[in-house]
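A.B. asks: Provided herewith: protein_33.cif, mmCIF, C-alpha atoms, pLDDT in the B column; chains and numbers go by the auth columns.
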```
data_structure
loop_
_atom_site.group_PDB
_atom_site.id
_atom_site.type_symbol
_atom_site.label_atom_id
_atom_site.label_comp_id
_atom_site.label_asym_id
_atom_site.label_seq_id
_atom_site.Cartn_x
_atom_site.Cartn_y
_atom_site.Cartn_z
_atom_site.B_iso_or_equiv
_atom_site.auth_seq_id
_atom_site.auth_asym_id
ATOM 1 C CA MET A 1 71.212 116.294 57.044 69.00 24 A
ATOM 2 C CA ASN A 2 67.939 118.115 57.655 77.00 25 A
ATOM 3 C CA ASP A 3 68.916 120.732 55.054 81.00 26 A
ATOM 4 C CA LEU A 4 69.599 117.981 52.499 79.00 27 A
ATOM 5 C CA LEU A 5 66.174 116.448 53.106 81.00 28 A
ATOM 6 C CA THR A 6 64.487 119.816 52.697 87.00 29 A
ATOM 7 C CA LYS A 7 66.286 120.407 49.349 85.00 30 A
ATOM 8 C CA LEU A 8 65.361 116.903 48.181 86.00 31 A
ATOM 9 C CA LYS A 9 61.728 117.458 49.192 86.00 32 A
ATOM 10 C CA THR A 10 61.671 120.783 47.331 90.00 33 A
ATOM 11 C CA LYS A 11 63.166 119.146 44.197 89.00 34 A
ATOM 12 C CA ILE A 12 60.593 116.339 44.280 90.00 35 A
ATOM 13 C CA GLN A 13 57.755 118.849 44.707 89.00 36 A
ATOM 14 C CA THR A 14 59.097 120.906 41.801 89.00 37 A
ATOM 15 C CA ILE A 15 59.333 117.869 39.531 87.00 38 A
ATOM 16 C CA TRP A 16 55.855 116.731 40.567 84.00 39 A
ATOM 17 C CA GLN A 17 54.410 120.188 39.891 84.00 40 A
ATOM 18 C CA LEU A 18 56.132 120.264 36.482 80.00 41 A
ATOM 19 C CA PHE A 19 54.640 116.853 35.698 77.00 42 A
ATOM 20 C CA LEU A 20 51.154 118.036 36.724 75.00 43 A
ATOM 21 C CA ASP A 21 51.522 121.179 34.600 75.00 44 A
ATOM 22 C CA VAL A 22 52.481 119.127 31.542 69.00 45 A
ATOM 23 C CA VAL A 23 49.618 116.698 32.141 66.00 46 A
ATOM 24 C CA THR A 24 47.000 119.421 32.554 70.00 47 A
ATOM 25 C CA GLU A 25 48.271 121.385 29.552 66.00 48 A
ATOM 26 C CA ASN A 26 48.371 118.305 27.381 68.00 49 A
ATOM 27 C CA GLU A 27 45.704 116.250 29.117 71.00 50 A
ATOM 28 C CA ARG A 28 44.219 114.836 25.949 70.00 51 A
ATOM 29 C CA LYS A 29 47.633 113.940 24.547 74.00 52 A
ATOM 30 C CA SER A 30 48.665 112.363 27.869 72.00 53 A
ATOM 31 C CA LEU A 31 45.488 110.266 28.028 74.00 54 A
ATOM 32 C CA MET A 32 46.037 109.070 24.479 77.00 55 A
ATOM 33 C CA ILE A 33 49.611 108.054 25.305 79.00 56 A
ATOM 34 C CA ALA A 34 48.478 106.225 28.464 79.00 57 A
ATOM 35 C CA ALA A 35 45.650 104.466 26.590 82.00 58 A
ATOM 36 C CA SER A 36 48.062 103.479 23.827 86.00 59 A
ATOM 37 C CA LEU A 37 50.506 102.041 26.352 87.00 60 A
ATOM 38 C CA VAL A 38 47.741 99.989 27.978 88.00 61 A
ATOM 39 C CA PHE A 39 46.482 98.759 24.589 89.00 62 A
ATOM 40 C CA PHE A 40 49.935 97.719 23.369 88.00 63 A
ATOM 41 C CA SER A 41 50.679 96.012 26.690 89.00 64 A
ATOM 42 C CA LEU A 42 47.491 93.957 26.395 89.00 65 A
ATOM 43 C CA LEU A 43 48.190 93.177 22.743 88.00 66 A
ATOM 44 C CA PHE A 44 51.724 92.023 23.618 86.00 67 A
ATOM 45 C CA SER A 45 50.416 89.798 26.437 86.00 68 A
ATOM 46 C CA ILE A 46 47.802 88.144 24.221 85.00 69 A
ATOM 47 C CA THR A 47 50.272 87.661 21.375 82.00 70 A
ATOM 48 C CA THR A 48 52.803 86.118 23.744 81.00 71 A
ATOM 49 C CA TYR A 49 50.219 83.640 25.061 77.00 72 A
ATOM 50 C CA PHE A 50 49.215 82.437 21.588 73.00 73 A
ATOM 51 C CA ALA A 51 52.803 82.385 20.356 74.00 74 A
ATOM 52 C CA GLN A 52 53.758 80.178 23.296 72.00 75 A
ATOM 53 C CA GLN A 53 50.952 77.722 22.439 71.00 76 A
ATOM 54 C CA SER A 54 52.043 77.639 18.802 71.00 77 A
ATOM 55 C CA ILE A 55 55.713 77.168 19.691 71.00 78 A
ATOM 56 C CA ARG A 56 54.912 74.302 22.057 69.00 79 A
ATOM 57 C CA GLN A 57 52.742 72.557 19.452 69.00 80 A
ATOM 58 C CA SER A 58 55.493 72.966 16.868 71.00 81 A
ATOM 59 C CA GLU A 59 58.093 71.535 19.256 66.00 82 A
ATOM 60 C CA LEU A 60 55.870 68.516 19.968 65.00 83 A
ATOM 61 C CA GLU A 61 55.284 67.916 16.263 70.00 84 A
ATOM 62 C CA GLN A 62 58.983 68.106 15.412 64.00 85 A
ATOM 63 C CA THR A 63 60.426 66.166 18.335 61.00 86 A
ATOM 64 C CA VAL A 64 57.728 63.823 19.665 67.00 87 A
ATOM 65 C CA PHE A 65 55.108 63.162 16.999 65.00 88 A
ATOM 66 C CA ALA A 66 57.609 62.963 14.124 62.00 89 A
ATOM 67 C CA ALA A 67 59.362 60.075 15.900 67.00 90 A
ATOM 68 C CA ILE A 68 56.173 57.970 16.166 68.00 91 A
ATOM 69 C CA GLU A 69 56.245 55.219 13.562 69.00 92 A
ATOM 70 C CA SER A 70 52.992 53.440 14.429 68.00 93 A
ATOM 71 C CA ASP A 71 49.835 54.135 12.432 72.00 94 A
ATOM 72 C CA HIS A 72 47.760 53.306 15.519 73.00 95 A
ATOM 73 C CA ILE A 73 48.812 56.434 17.423 76.00 96 A
ATOM 74 C CA LEU A 74 47.180 59.785 16.702 78.00 97 A
ATOM 75 C CA PRO A 75 48.765 62.956 18.102 81.00 98 A
ATOM 76 C CA LEU A 76 46.651 64.963 20.523 78.00 99 A
ATOM 77 C CA GLU A 77 47.146 68.643 19.740 76.00 100 A
ATOM 78 C CA TYR A 78 48.706 70.671 22.540 73.00 101 A
ATOM 79 C CA GLY A 79 46.384 73.249 24.075 71.00 102 A
ATOM 80 C CA LYS A 80 43.283 71.602 22.589 75.00 103 A
ATOM 81 C CA SER A 81 43.595 68.181 24.189 79.00 104 A
ATOM 82 C CA ASP A 82 41.264 68.814 27.127 81.00 105 A
ATOM 83 C CA ARG A 83 38.587 70.190 24.814 86.00 106 A
ATOM 84 C CA ILE A 84 38.983 67.206 22.445 84.00 107 A
ATOM 85 C CA ILE A 85 38.667 64.743 25.344 83.00 108 A
ATOM 86 C CA ASN A 86 35.518 66.489 26.606 85.00 109 A
ATOM 87 C CA ASP A 87 33.891 66.995 23.202 84.00 110 A
ATOM 88 C CA THR A 88 34.529 63.537 21.716 82.00 111 A
ATOM 89 C CA PRO A 89 31.818 60.936 22.481 84.00 112 A
ATOM 90 C CA ALA A 90 34.428 58.232 23.143 82.00 113 A
ATOM 91 C CA ILE A 91 38.199 58.545 23.085 82.00 114 A
ATOM 92 C CA SER A 92 41.174 56.530 24.296 82.00 115 A
ATOM 93 C CA VAL A 93 44.327 58.346 25.281 84.00 116 A
ATOM 94 C CA MET A 94 47.845 57.275 26.169 83.00 117 A
ATOM 95 C CA PHE A 95 49.438 59.624 28.707 85.00 118 A
ATOM 96 C CA SER A 96 53.220 59.382 28.875 83.00 119 A
ATOM 97 C CA GLN A 97 56.421 61.322 28.858 80.00 120 A
ATOM 98 C CA PRO A 98 58.074 60.863 25.457 82.00 121 A
ATOM 99 C CA ASN A 99 61.077 59.101 26.965 80.00 122 A
ATOM 100 C CA GLY A 100 61.947 56.330 29.383 77.00 123 A
ATOM 101 C CA ASP A 101 61.979 52.550 29.176 82.00 124 A
ATOM 102 C CA SER A 102 58.205 52.027 29.319 81.00 125 A
ATOM 103 C CA TYR A 103 57.561 54.525 26.531 77.00 126 A
ATOM 104 C CA GLN A 104 60.308 52.967 24.392 81.00 127 A
ATOM 105 C CA ASN A 105 58.828 49.493 25.010 80.00 128 A
ATOM 106 C CA VAL A 106 55.378 50.675 23.858 78.00 129 A
ATOM 107 C CA MET A 107 56.853 52.161 20.692 81.00 130 A
ATOM 108 C CA LYS A 108 58.880 49.018 20.039 81.00 131 A
ATOM 109 C CA ILE A 109 55.838 46.745 20.442 79.00 132 A
ATOM 110 C CA LEU A 110 53.642 48.969 18.276 78.00 133 A
ATOM 111 C CA THR A 111 56.175 48.932 15.449 77.00 134 A
ATOM 112 C CA THR A 112 56.645 45.154 15.553 73.00 135 A
ATOM 113 C CA PRO A 113 54.523 43.900 12.615 70.00 136 A
ATOM 114 C CA GLU A 114 53.020 40.837 14.357 73.00 137 A
ATOM 115 C CA GLN A 115 52.149 42.832 17.503 69.00 138 A
ATOM 116 C CA GLU A 116 50.821 45.754 15.473 70.00 139 A
ATOM 117 C CA ASP A 117 48.567 43.402 13.474 72.00 140 A
ATOM 118 C CA GLU A 118 46.952 42.206 16.727 76.00 141 A
ATOM 119 C CA LEU A 119 45.978 45.738 17.729 71.00 142 A
ATOM 120 C CA ASN A 120 42.446 46.366 16.472 72.00 143 A
ATOM 121 C CA ARG A 121 42.096 50.075 17.206 73.00 144 A
ATOM 122 C CA MET A 122 43.738 53.481 17.235 76.00 145 A
ATOM 123 C CA PHE A 123 44.299 55.778 20.186 78.00 146 A
ATOM 124 C CA TYR A 124 45.500 59.301 20.907 82.00 147 A
ATOM 125 C CA TYR A 125 48.816 60.182 22.494 83.00 148 A
ATOM 126 C CA TYR A 126 48.998 62.994 25.080 82.00 149 A
ATOM 127 C CA PRO A 127 52.727 63.640 25.615 83.00 150 A
ATOM 128 C CA ILE A 128 53.475 64.867 29.110 78.00 151 A
ATOM 129 C CA VAL A 129 56.083 67.502 28.399 77.00 152 A
ATOM 130 C CA TYR A 130 54.647 70.785 29.625 77.00 153 A
ATOM 131 C CA ASP A 131 52.644 71.340 32.824 75.00 154 A
ATOM 132 C CA SER A 132 53.252 67.749 33.967 77.00 155 A
ATOM 133 C CA SER A 133 52.142 68.335 37.563 79.00 156 A
ATOM 134 C CA LYS A 134 48.922 69.986 36.372 84.00 157 A
ATOM 135 C CA ILE A 135 48.183 67.095 33.978 79.00 158 A
ATOM 136 C CA ALA A 136 49.057 64.529 36.651 83.00 159 A
ATOM 137 C CA GLN A 137 46.672 66.133 39.106 85.00 160 A
ATOM 138 C CA LYS A 138 43.846 66.625 36.605 84.00 161 A
ATOM 139 C CA TYR A 139 43.887 63.045 35.295 81.00 162 A
ATOM 140 C CA GLN A 140 45.193 61.447 38.518 86.00 163 A
ATOM 141 C CA ILE A 141 48.169 59.822 36.816 84.00 164 A
ATOM 142 C CA ASP A 142 51.836 59.331 37.540 84.00 165 A
ATOM 143 C CA PRO A 143 53.589 61.276 34.774 83.00 166 A
ATOM 144 C CA THR A 144 56.559 58.891 34.886 84.00 167 A
ATOM 145 C CA LYS A 145 54.341 55.918 33.931 85.00 168 A
ATOM 146 C CA VAL A 146 52.526 55.085 30.698 85.00 169 A
ATOM 147 C CA THR A 147 48.781 55.252 31.374 85.00 170 A
ATOM 148 C CA PHE A 148 45.945 54.429 28.981 84.00 171 A
ATOM 149 C CA ILE A 149 42.541 55.955 29.754 84.00 172 A
ATOM 150 C CA PHE A 150 39.234 55.531 27.957 85.00 173 A
ATOM 151 C CA PHE A 151 36.918 58.550 28.203 83.00 174 A
ATOM 152 C CA GLN A 152 33.258 58.609 27.307 82.00 175 A
ATOM 153 C CA LYS A 153 31.755 62.102 26.958 81.00 176 A
ATOM 154 C CA GLY A 154 34.727 63.503 28.899 80.00 177 A
ATOM 155 C CA LYS A 155 34.343 61.103 31.848 85.00 178 A
ATOM 156 C CA GLU A 156 36.889 58.414 32.594 83.00 179 A
ATOM 157 C CA LYS A 157 35.426 54.920 32.177 81.00 180 A
ATOM 158 C CA LYS A 158 38.458 52.637 32.308 82.00 181 A
ATOM 159 C CA ARG A 159 42.239 52.788 32.599 82.00 182 A
ATOM 160 C CA PHE A 160 45.332 50.659 32.882 81.00 183 A
ATOM 161 C CA VAL A 161 48.940 51.460 33.685 83.00 184 A
ATOM 162 C CA LEU A 162 51.575 49.781 31.544 79.00 185 A
ATOM 163 C CA GLU A 163 53.948 49.243 34.459 82.00 186 A
ATOM 164 C CA ASP A 164 51.288 47.106 36.210 79.00 187 A
ATOM 165 C CA LEU A 165 51.522 44.440 33.495 78.00 188 A
ATOM 166 C CA ARG A 166 53.749 41.456 34.375 79.00 189 A
ATOM 167 C CA ASP A 167 54.562 40.263 30.840 77.00 190 A
ATOM 168 C CA LEU A 168 54.558 43.302 28.597 73.00 191 A
ATOM 169 C CA ASN A 169 55.123 41.450 25.320 73.00 192 A
ATOM 170 C CA ASN A 170 52.165 39.110 25.868 73.00 193 A
ATOM 171 C CA GLU A 171 49.764 41.280 27.902 76.00 194 A
ATOM 172 C CA PHE A 172 50.046 44.769 26.428 75.00 195 A
ATOM 173 C CA ILE A 173 48.141 44.394 23.133 75.00 196 A
ATOM 174 C CA PRO A 174 45.351 42.206 24.617 76.00 197 A
ATOM 175 C CA GLU A 175 44.931 44.656 27.511 77.00 198 A
ATOM 176 C CA LEU A 176 44.790 47.579 25.088 74.00 199 A
ATOM 177 C CA ASN A 177 42.260 45.712 22.923 73.00 200 A
ATOM 178 C CA ARG A 178 40.079 45.103 26.018 73.00 201 A
ATOM 179 C CA LEU A 179 39.617 48.828 26.644 70.00 202 A
ATOM 180 C CA PRO A 180 36.090 49.779 25.529 65.00 203 A
ATOM 181 C CA MET A 181 37.477 51.980 22.789 51.00 204 A
ATOM 182 C CA TRP A 182 35.859 52.971 19.559 51.00 205 A
ATOM 183 C CA ARG A 183 37.647 52.539 16.286 46.00 206 A
ATOM 184 C CA LEU A 184 38.703 55.895 14.913 42.00 207 A
ATOM 185 C CA GLN A 185 38.080 56.149 11.199 42.00 208 A
ATOM 186 C CA GLU A 186 40.360 58.191 8.961 39.00 209 A
ATOM 187 C CA ASN A 187 37.620 60.782 8.471 40.00 210 A
ATOM 188 C CA GLY A 188 37.441 61.363 12.234 42.00 211 A
ATOM 189 C CA GLU A 189 34.155 59.540 12.860 42.00 212 A
ATOM 190 C CA ASN A 190 33.798 56.856 15.518 42.00 213 A
ATOM 191 C CA ASP A 191 32.350 53.353 15.164 42.00 214 A
ATOM 192 C CA SER A 192 31.122 51.784 18.361 41.00 215 A
ATOM 193 C CA GLU A 193 32.338 48.316 19.221 40.00 216 A
#
```
In C-alpha cells, how does this file's structure come out?

C.D. replies:
Amino acid sequence: MNDLLTKLKTKIQTIWQLFLDVVTENERKSLMIAASLVFFSLLFSITTYFAQQSIRQSELEQTVFAAIESDHILPLEYGKSDRIINDTPAISVMFSQPNGDSYQNVMKILTTPEQEDELNRMFYYYPIVYDSSKIAQKYQIDPTKVTFIFFQKGKEKKRFVLEDLRDLNNEFIPELNRLPMWRLQENGENDSE
C-alpha cells in the first residue's frame, strides 16, 4: 500500500512538473488562454442574464398581457417595473397572479361594458409570476390576492385588496375610482385629478 502511494505521489509530481514546464515555456500563450476563458465566461454570464429577462418579458406578453381585453389595463414591463414605479410621479398598480377566481372576476368586470364605462382611469398590471416571494416581501402583499396600490414618487400612498370587498360587482369600480390615481394619457403623460 505504501509503495502504491509513493508511485502515485511520484506520478502527480511528474505531471505537475510537466504542467509547470509548459506554463513557463509558453507563459504568454497560457496567460492569453486563461484571460480568454475568463472573458468568455463573463460574457456568457451577462448574456444569460439579459436573455433570461427578455425571455420572461416575451412569455408575459404572449401568455398574460395578450389575454387582457380591457383598455384600462396597461402592462408593466418585466424587469423595469420597480424603476417605473419609482420614476413615475404617480402610478396605480394592480398586483396579482394571472390566474385564480379573484383575477378572473376582475377581468370579467373590466370587460363588462357598463362596468367598464364607470371606470374613469387606467392602471398598470404587475403580474406575479416570477420571484413572487420577493415581490410579496417588497410590496408587503399576499401574492394570492389581487391588490391595488397607488404610488406617488415611488412611495405607497393608498391600497385596497379585492378580497376585502363584500360585494365585488357593486364595490370594485367605485373603490378603484376612489384611489387617488392620475389619468394616464395615451402619450404617457399624467393629468392630476

A.B. asks: Kindly resolve the PyMOL selection byres ((chain A and resi 175-185) around 9) on the present coordinates and return the residues as a PyMOL selection string.

C.D. replies: chain A and resi 105-115+125+129+162+164+168-174+186-188+191+195+198-199+202-203

A.B. asks: What gap, in Å, lies between atom CA of A:Leu99 and atom CA of A:Pro150?

C.D. replies: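 Calculated distance between atom CA of A:Leu99 and atom CA of A:Pro150 is 8.0 Å.
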
A.B. asks: Just so the selection is clear, what residues does the PyMOL selection byres ((chain A and resi 142) around 12) cover here, as a ChimeraX atom specification?

C.D. replies: /A:93-96,132-141,143-146,194-202,204,206

A.B. asks: One decimal, Å: what's the distance from atom CA of A:Glu50 over to atom CA of A:Lys34, could you say?

C.D. replies: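 Answer for the atom CA of A:Glu50 to atom CA of A:Lys34 separation: 23.3 Å.
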
A.B. asks: Choose the residue, out of A:Gln160, A:Ser64, A:Ser77, A:Thr33, that has the smallest atom-to-atom separation from A:Glu100; count all atoms listed in the file.

C.D. replies: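 Distance minimum relative to A:Glu100 lands on A:Ser77.
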
A.B. asks: Of the candidates A:Gly123, A:Ile151, A:Lys131, A:Leu31, which shows the shortest atom-to-atom distance to A:Asn192, using all atoms listed in the file?

C.D. replies: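 Nearest to A:Asn192: A:Lys131.
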
A.B. asks: Enter the distance from atom CA of A:Phe67 to atom CA of A:Met55, in Å, rounded to one decimal.

C.D. replies: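 Interatomic distance, atom CA of A:Phe67 to atom CA of A:Met55: 18.0 Å.
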
A.B. asks: Let me make sure I understand: among A:Phe42, A:Tyr126, A:Phe73, A:Phe118, which one has the smallest atom-to-atom distance to A:Asp165 if we use all atoms listed in the file?

C.D. replies: A:Phe118

A.B. asks: Put the listed atoms of stretch 64-80 of chain A in a box along x, y and z with 5 Å added on every side and give me the centre and edge lengths in Å to one decimal, as JSON.

C.D. replies:
```
{"center_x": 51.6, "center_y": 84.3, "center_z": 22.7, "size_x": 18.2, "size_y": 33.5, "size_z": 17.9}
```
